[in-house]
Each structure stands twice: as structure tokens, then as C-alpha cells.
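Structure data follow from target-v7.cif (mmCIF, C-alpha atoms):
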```
data_entry
loop_
_atom_site.label_atom_id
_atom_site.label_comp_id
_atom_site.auth_asym_id
_atom_site.auth_seq_id
_atom_site.Cartn_x
_atom_site.Cartn_y
_atom_site.Cartn_z
CA MET A 5 45.43 128.03 74.07
CA LYS A 6 44.45 124.94 76.11
CA VAL A 7 47.51 123.08 74.81
CA PHE A 8 49.73 125.97 75.91
CA ASN A 9 48.18 125.97 79.42
CA ILE A 10 48.66 122.21 79.70
CA LEU A 11 52.31 122.54 78.63
CA VAL A 12 52.86 125.27 81.24
CA LEU A 13 51.30 123.09 83.96
CA VAL A 14 53.44 120.12 82.92
CA ALA A 15 56.57 122.30 82.96
CA ILE A 16 55.73 123.58 86.45
CA ALA A 17 55.04 120.05 87.69
CA VAL A 18 58.33 118.74 86.28
CA SER A 19 60.33 121.63 87.72
CA THR A 20 58.64 121.15 91.10
CA LEU A 21 59.58 117.48 91.09
CA GLY A 22 63.13 118.41 90.20
CA CYS A 23 63.28 120.84 93.13
CA GLN A 24 61.93 118.21 95.50
CA SER A 25 64.59 115.71 94.52
CA LYS A 26 67.31 118.31 95.07
CA GLU A 27 65.97 119.09 98.53
CA THR A 28 66.03 115.46 99.57
CA SER A 29 69.60 114.87 98.43
CA PRO A 30 72.16 115.45 101.18
CA PRO A 31 74.29 118.58 101.08
CA VAL A 32 77.98 118.24 100.30
CA ALA A 33 78.99 118.81 103.93
CA GLN A 34 76.94 115.82 105.04
CA GLY A 35 78.66 113.73 102.39
CA ASN A 36 81.99 114.82 103.86
CA GLN A 37 80.69 113.93 107.31
CA ALA A 38 80.45 110.31 106.20
CA VAL A 39 84.10 110.50 105.17
CA SER A 40 85.21 111.95 108.51
CA ALA A 41 83.54 111.93 111.90
CA TYR A 42 85.83 114.86 112.75
CA LEU A 43 84.45 117.17 110.06
CA ALA A 44 81.74 119.50 111.41
CA ASN A 45 78.73 120.31 109.23
CA ASN A 46 78.22 123.77 110.74
CA GLU A 47 80.67 126.42 111.83
CA PRO A 48 80.92 126.52 115.62
CA ALA A 49 80.08 129.86 117.24
CA GLY A 50 82.53 131.85 119.30
CA ALA A 51 85.76 131.03 117.48
CA ILE A 52 88.66 133.25 118.46
CA PRO A 53 91.71 134.11 116.34
CA VAL A 54 94.88 132.07 116.80
CA GLY A 55 96.89 134.99 118.21
CA GLU A 56 94.24 135.70 120.83
CA ALA A 57 94.05 132.00 121.70
CA ARG A 58 97.82 131.91 122.25
CA ASP A 59 97.51 134.79 124.69
CA MET A 60 94.50 133.64 126.67
CA SER A 61 94.08 129.86 126.46
CA ASN A 62 94.82 127.69 129.45
CA ASP A 63 96.19 124.18 129.39
CA GLY A 64 93.41 121.60 129.44
CA LYS A 65 90.58 124.03 128.65
CA GLN A 66 88.10 123.68 125.78
CA ILE A 67 88.66 126.19 123.01
CA THR A 68 87.34 127.07 119.55
CA LEU A 69 89.64 128.96 117.24
CA VAL A 70 89.89 129.99 113.61
CA GLY A 71 92.95 130.09 111.39
CA ARG A 72 94.43 129.37 108.00
CA ILE A 73 96.47 126.23 107.33
CA GLY A 74 100.10 127.25 106.90
CA GLY A 75 103.04 128.60 108.80
CA SER A 76 105.76 126.57 107.11
CA SER A 77 106.50 125.09 103.70
CA LYS A 78 105.05 121.78 104.97
CA PRO A 79 102.25 122.56 107.44
CA PHE A 80 100.85 118.99 107.39
CA VAL A 81 102.36 116.21 109.49
CA ASP A 82 103.01 113.06 107.45
CA GLY A 83 101.00 110.06 108.64
CA LEU A 84 98.93 111.99 111.18
CA ALA A 85 95.88 114.21 111.04
CA ALA A 86 97.86 117.21 112.22
CA PHE A 87 98.78 120.61 110.81
CA THR A 88 99.60 124.17 111.80
CA ILE A 89 97.29 127.16 111.46
CA VAL A 90 98.04 130.87 111.41
CA ASP A 91 95.88 133.78 112.54
CA LEU A 92 93.81 135.24 109.68
CA LYS A 93 95.18 138.71 110.41
CA VAL A 94 98.64 137.65 109.24
CA PRO A 95 98.85 138.08 105.46
CA TYR A 96 100.38 135.23 103.52
CA CYS A 97 102.75 135.99 100.66
CA ALA A 98 101.02 137.45 97.62
CA GLU A 99 101.17 135.97 94.13
CA GLU A 100 102.89 139.14 92.90
CA GLU A 101 105.84 138.30 95.15
CA GLU A 102 106.36 135.15 93.07
CA CYS A 103 106.45 133.01 96.18
CA PRO A 104 106.11 129.31 95.27
CA THR A 105 104.77 128.47 98.76
CA PRO A 106 102.69 131.43 100.00
CA TRP A 107 101.43 129.35 102.94
CA ASP A 108 104.90 129.42 104.54
CA TYR A 109 104.44 133.13 105.34
CA CYS A 110 108.12 133.71 104.55
CA CYS A 111 107.47 137.46 104.35
CA GLN A 112 105.89 137.46 107.85
CA THR A 113 108.13 135.20 109.97
CA ASP A 114 108.00 137.36 113.12
CA ALA A 115 104.20 137.70 112.99
CA VAL A 116 103.80 133.96 112.47
CA LYS A 117 105.76 133.14 115.65
CA ARG A 118 103.14 134.99 117.71
CA ASN A 119 100.14 133.77 115.71
CA ILE A 120 100.54 130.04 115.07
CA ALA A 121 99.08 126.91 116.65
CA THR A 122 99.33 123.20 115.99
CA VAL A 123 96.13 121.22 115.47
CA LYS A 124 96.08 117.47 116.12
CA ILE A 125 92.89 115.59 115.32
CA VAL A 126 92.36 113.07 118.13
CA ASP A 127 90.01 110.15 118.58
CA GLU A 128 87.65 109.63 121.53
CA GLY A 129 90.54 108.26 123.57
CA GLY A 130 92.65 111.34 122.91
CA LYS A 131 95.07 109.57 120.55
CA PRO A 132 96.15 111.26 117.31
CA VAL A 133 94.34 109.99 114.22
CA ALA A 134 96.79 108.15 111.95
CA LYS A 135 95.52 109.48 108.64
CA SER A 136 96.46 112.48 106.55
CA ALA A 137 94.49 115.62 107.45
CA ARG A 138 94.32 116.40 103.73
CA ASP A 139 92.36 113.20 103.13
CA LEU A 140 90.43 113.20 106.39
CA LEU A 141 89.19 116.80 106.09
CA LYS A 142 89.62 117.49 102.37
CA VAL A 143 91.82 120.54 103.05
CA ASN A 144 94.95 122.09 101.56
CA GLU A 145 97.40 124.81 102.42
CA LEU A 146 95.63 128.15 103.03
CA SER A 147 92.27 126.49 103.79
CA THR A 148 90.48 128.37 106.57
CA VAL A 149 89.37 126.13 109.42
CA VAL A 150 87.53 126.48 112.71
CA VAL A 151 88.70 123.90 115.24
CA GLN A 152 87.23 122.78 118.55
CA GLY A 153 89.22 120.91 121.13
CA THR A 154 91.40 121.03 124.20
CA ALA A 155 94.28 123.48 124.56
CA LYS A 156 97.72 122.16 125.43
CA ARG A 157 100.62 124.48 126.28
CA ASP A 158 104.27 123.53 126.38
CA GLU A 159 107.09 125.13 128.38
CA GLN A 160 107.83 127.60 125.57
CA GLY A 161 104.22 128.76 125.40
CA ASN A 162 103.44 127.00 122.12
CA LEU A 163 99.78 126.13 121.66
CA THR A 164 98.50 122.78 120.44
CA ILE A 165 94.82 121.95 120.07
CA ALA A 166 93.74 118.33 120.51
CA ALA A 167 90.77 118.76 118.17
CA ASN A 168 87.71 116.57 117.92
CA GLN A 169 85.83 118.77 115.41
CA VAL A 170 86.98 120.82 112.44
CA PHE A 171 84.85 123.02 110.23
CA VAL A 172 86.29 123.96 106.85
CA ARG A 173 85.08 127.33 105.61
CA PRO A 174 83.99 126.96 102.00
CA GLY A 175 85.78 129.07 99.43
CA GLU A 176 88.46 130.36 101.76
#
```
Rewrite the structure of this file - the entire thing - as C-alpha cells.
Amino acid sequence: MKVFNILVLVAIAVSTLGCQSKETSPPVAQGNQAVSAYLANNEPAGAIPVGEARDMSNDGKQITLVGRIGGSSKPFVDGLAAFTIVDLKVPYCAEEEECPTPWDYCCQTDAVKRNIATVKIVDEGGKPVAKSARDLLKVNELSTVVVQGTAKRDEQGNLTIAANQVFVRPGE
């Protein structure tokens, strides 16, 4: 019986040590932070949907919005950390529709026009970052992101966010 008790205590001690080493290792998000200073570890509060942001944002104002990467067959800008996002309320094409690029929202073109924004990751000087957003943020088409930055409106009412922080929602 004493041998059994000793084995149980050893097992508990070993498992406790294992737990401690896991707690001291950095979470995945912090590892990504080292890859990109623009990648936020925590989701910012108060994010508004893209469609709402298009209606209410003012040029030059700080804004936080949430959307899904997409809106065209190629939502990423080559050579720059820039992409388009679409409001989460707009459904992308379903797999049953046999759409090879569901992120282009080809079945929702009118809804996309009213619910899309361009995101440009900018450095401290406000210049676009010359690196692929895929690599910088570890994102793909249909990734859900929360972006913080400054709103910019053009003459047609299109919305661009000069973002300095992006949070990527896991599993979305």
C-alpha cells in the first residue's frame, strides 16, 4: 500500500510540474505578436459591423470594426498589407453552391457594395506596410478580423481603414 501511495504522489508531482511548464510557455497569440507588431493579442471592445461603419464613420476618426476577409476573388493586395472585409451579416457563397471562391460573395454582389471596407495596415508614420497581409497576420480568405485604425472616406463614400492593430478571431 505504501508503494501505491508513493506512486500516486510521484504521479501528482510530475503532472503538477507539467502543468507549470505549460503555464509559463507563451500562448500562441503572443508568438504571433513577435511575428507582427500589428497583430493584437486581445479582441478590442466596441467593434462595429462594416455596414454600420460605412454609414456612420467620419473621415479621420478612430474606429474599430469587425468583418470577414473577402468581397472579391482576390481580396488581398499584392505586395502590401491590405485587404477588403465584408460585414458578417452578408452570407458568403455556400459549399453546396459549388462556388470555387466563396469569399468573392458572387451570390451577394448588391449586399457587398453596401457592406465592404478596405483595410490597409500602416506603420507609425502612416505609410502602408510593404508585406503580404497573409504573412504578416497569418490570415486567409474568410478569416474574421477586428481592426482598429483611422477611417478614410473617398468621394464615392468608400471606406478605408488605416489600421494599426488587427485581431484575428480564432476558428472563424
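Distance-wise, CA of Asp91 in chain A and CA of Asn46 in chain A end up 20.4 Å apart.
Note that the spacing between CA of Val94 in chain A and CA of Gly161 in chain A amounts to 19.3 Å.
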ask   = Between A:Ala137, A:Lys156, A:Leu43, A:Gln112, which one has atoms that come closest to Ala98 in chain A, using only C-alpha atoms?
value = A:Gln112
key: Within-7 Å shell of (91.1, 131.9, 108.7) in input frame, all atoms listed in the file, as a PyMOL selection string   = chain A and resi 70-72+91-92+148-149
request  = State, in Å with one decimal place, the distance from CA of Thr113 in chain A to CA of Val90 in chain A.
outcome  =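 These atoms are spaced 11.1 Å apart.
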ask   = Contacts of Leu141 in chain A at 9 Å or less, counting all atoms listed in the file, minus same-chain residues fewer than 2 places along, as number ranges by chain?
value = A: 36, 39-40, 42-43, 85, 136-139, 143, 170-172
With C-alpha atoms kept, could you save the residues just selected as a PDB file, in the coordinates of the input?
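So the final result, stored in out-v9.pdb, reads:
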```pdb
ATOM      1  CA  ASN A  36      81.990 114.820 103.860  1.00  0.00           C
ATOM      2  CA  VAL A  39      84.100 110.500 105.170  1.00  0.00           C
ATOM      3  CA  SER A  40      85.210 111.950 108.510  1.00  0.00           C
ATOM      4  CA  TYR A  42      85.830 114.860 112.750  1.00  0.00           C
ATOM      5  CA  LEU A  43      84.450 117.170 110.060  1.00  0.00           C
ATOM      6  CA  ALA A  85      95.880 114.210 111.040  1.00  0.00           C
ATOM      7  CA  SER A 136      96.460 112.480 106.550  1.00  0.00           C
ATOM      8  CA  ALA A 137      94.490 115.620 107.450  1.00  0.00           C
ATOM      9  CA  ARG A 138      94.320 116.400 103.730  1.00  0.00           C
ATOM     10  CA  ASP A 139      92.360 113.200 103.130  1.00  0.00           C
ATOM     11  CA  VAL A 143      91.820 120.540 103.050  1.00  0.00           C
ATOM     12  CA  VAL A 170      86.980 120.820 112.440  1.00  0.00           C
ATOM     13  CA  PHE A 171      84.850 123.020 110.230  1.00  0.00           C
ATOM     14  CA  VAL A 172      86.290 123.960 106.850  1.00  0.00           C
TER      15      VAL A 172
END
```
message = For the PyMOL selection byres ((chain A and resi 123) around 12), applied here, can you spell out every residue it catches as number ranges by chain?
response = A: 54, 67-74, 79-81, 84-90, 120-122, 124-126, 132-133, 137, 149-156, 162-170
How would the residues just picked look written out with C-alpha atoms as an mmCIF file, keeping the file's coordinate frame?
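What ended up in out-v1.cif:
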```
data_model
loop_
_atom_site.group_PDB
_atom_site.id
_atom_site.type_symbol
_atom_site.label_atom_id
_atom_site.label_comp_id
_atom_site.auth_asym_id
_atom_site.auth_seq_id
_atom_site.Cartn_x
_atom_site.Cartn_y
_atom_site.Cartn_z
ATOM 1 C CA VAL A 54 94.880 132.070 116.800
ATOM 2 C CA ILE A 67 88.660 126.190 123.010
ATOM 3 C CA THR A 68 87.340 127.070 119.550
ATOM 4 C CA LEU A 69 89.640 128.960 117.240
ATOM 5 C CA VAL A 70 89.890 129.990 113.610
ATOM 6 C CA GLY A 71 92.950 130.090 111.390
ATOM 7 C CA ARG A 72 94.430 129.370 108.000
ATOM 8 C CA ILE A 73 96.470 126.230 107.330
ATOM 9 C CA GLY A 74 100.100 127.250 106.900
ATOM 10 C CA PRO A 79 102.250 122.560 107.440
ATOM 11 C CA PHE A 80 100.850 118.990 107.390
ATOM 12 C CA VAL A 81 102.360 116.210 109.490
ATOM 13 C CA LEU A 84 98.930 111.990 111.180
ATOM 14 C CA ALA A 85 95.880 114.210 111.040
ATOM 15 C CA ALA A 86 97.860 117.210 112.220
ATOM 16 C CA PHE A 87 98.780 120.610 110.810
ATOM 17 C CA THR A 88 99.600 124.170 111.800
ATOM 18 C CA ILE A 89 97.290 127.160 111.460
ATOM 19 C CA VAL A 90 98.040 130.870 111.410
ATOM 20 C CA ILE A 120 100.540 130.040 115.070
ATOM 21 C CA ALA A 121 99.080 126.910 116.650
ATOM 22 C CA THR A 122 99.330 123.200 115.990
ATOM 23 C CA LYS A 124 96.080 117.470 116.120
ATOM 24 C CA ILE A 125 92.890 115.590 115.320
ATOM 25 C CA VAL A 126 92.360 113.070 118.130
ATOM 26 C CA PRO A 132 96.150 111.260 117.310
ATOM 27 C CA VAL A 133 94.340 109.990 114.220
ATOM 28 C CA ALA A 137 94.490 115.620 107.450
ATOM 29 C CA VAL A 149 89.370 126.130 109.420
ATOM 30 C CA VAL A 150 87.530 126.480 112.710
ATOM 31 C CA VAL A 151 88.700 123.900 115.240
ATOM 32 C CA GLN A 152 87.230 122.780 118.550
ATOM 33 C CA GLY A 153 89.220 120.910 121.130
ATOM 34 C CA THR A 154 91.400 121.030 124.200
ATOM 35 C CA ALA A 155 94.280 123.480 124.560
ATOM 36 C CA LYS A 156 97.720 122.160 125.430
ATOM 37 C CA ASN A 162 103.440 127.000 122.120
ATOM 38 C CA LEU A 163 99.780 126.130 121.660
ATOM 39 C CA THR A 164 98.500 122.780 120.440
ATOM 40 C CA ILE A 165 94.820 121.950 120.070
ATOM 41 C CA ALA A 166 93.740 118.330 120.510
ATOM 42 C CA ALA A 167 90.770 118.760 118.170
ATOM 43 C CA ASN A 168 87.710 116.570 117.920
ATOM 44 C CA GLN A 169 85.830 118.770 115.410
ATOM 45 C CA VAL A 170 86.980 120.820 112.440
#
```
task = Give the answer as one residue: which of A:Asp63, A:Glu56, A:Ser77, A:Ala134 has the shortest atom-to-atom distance to Cys110 in chain A, using all atoms listed in the file?
result =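 The answer is A:Ser77, which sits nearest to Cys110 in chain A.
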Return as AutoDock Vina command-line options the centre and edge lengths, in Å with one decimal, of the box along x, y and z that encloses every atom of range 97-116 of chain A in the file, padded by 4 Å per side.
```
--center_x 104.6 --center_y 133.8 --center_z 103.0 --size_x 15.1 --size_y 18.7 --size_z 28.2
```
query = If the PyMOL selection byres ((chain A and resi 111) around 12) is run on the structure shown, which residues does it catch, given as a VMD selection string?
reply = chain A and resid 75 to 76 94 to 98 101 to 103 105 to 110 112 to 116
ask   = For Asn62 in chain A, which residue among A:Pro48, A:Gly83, A:Gly129, A:Asp158 is the nearest when counting all atoms listed in the file?
value =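 Selected residue with least distance to Asn62 in chain A: A:Asp158.
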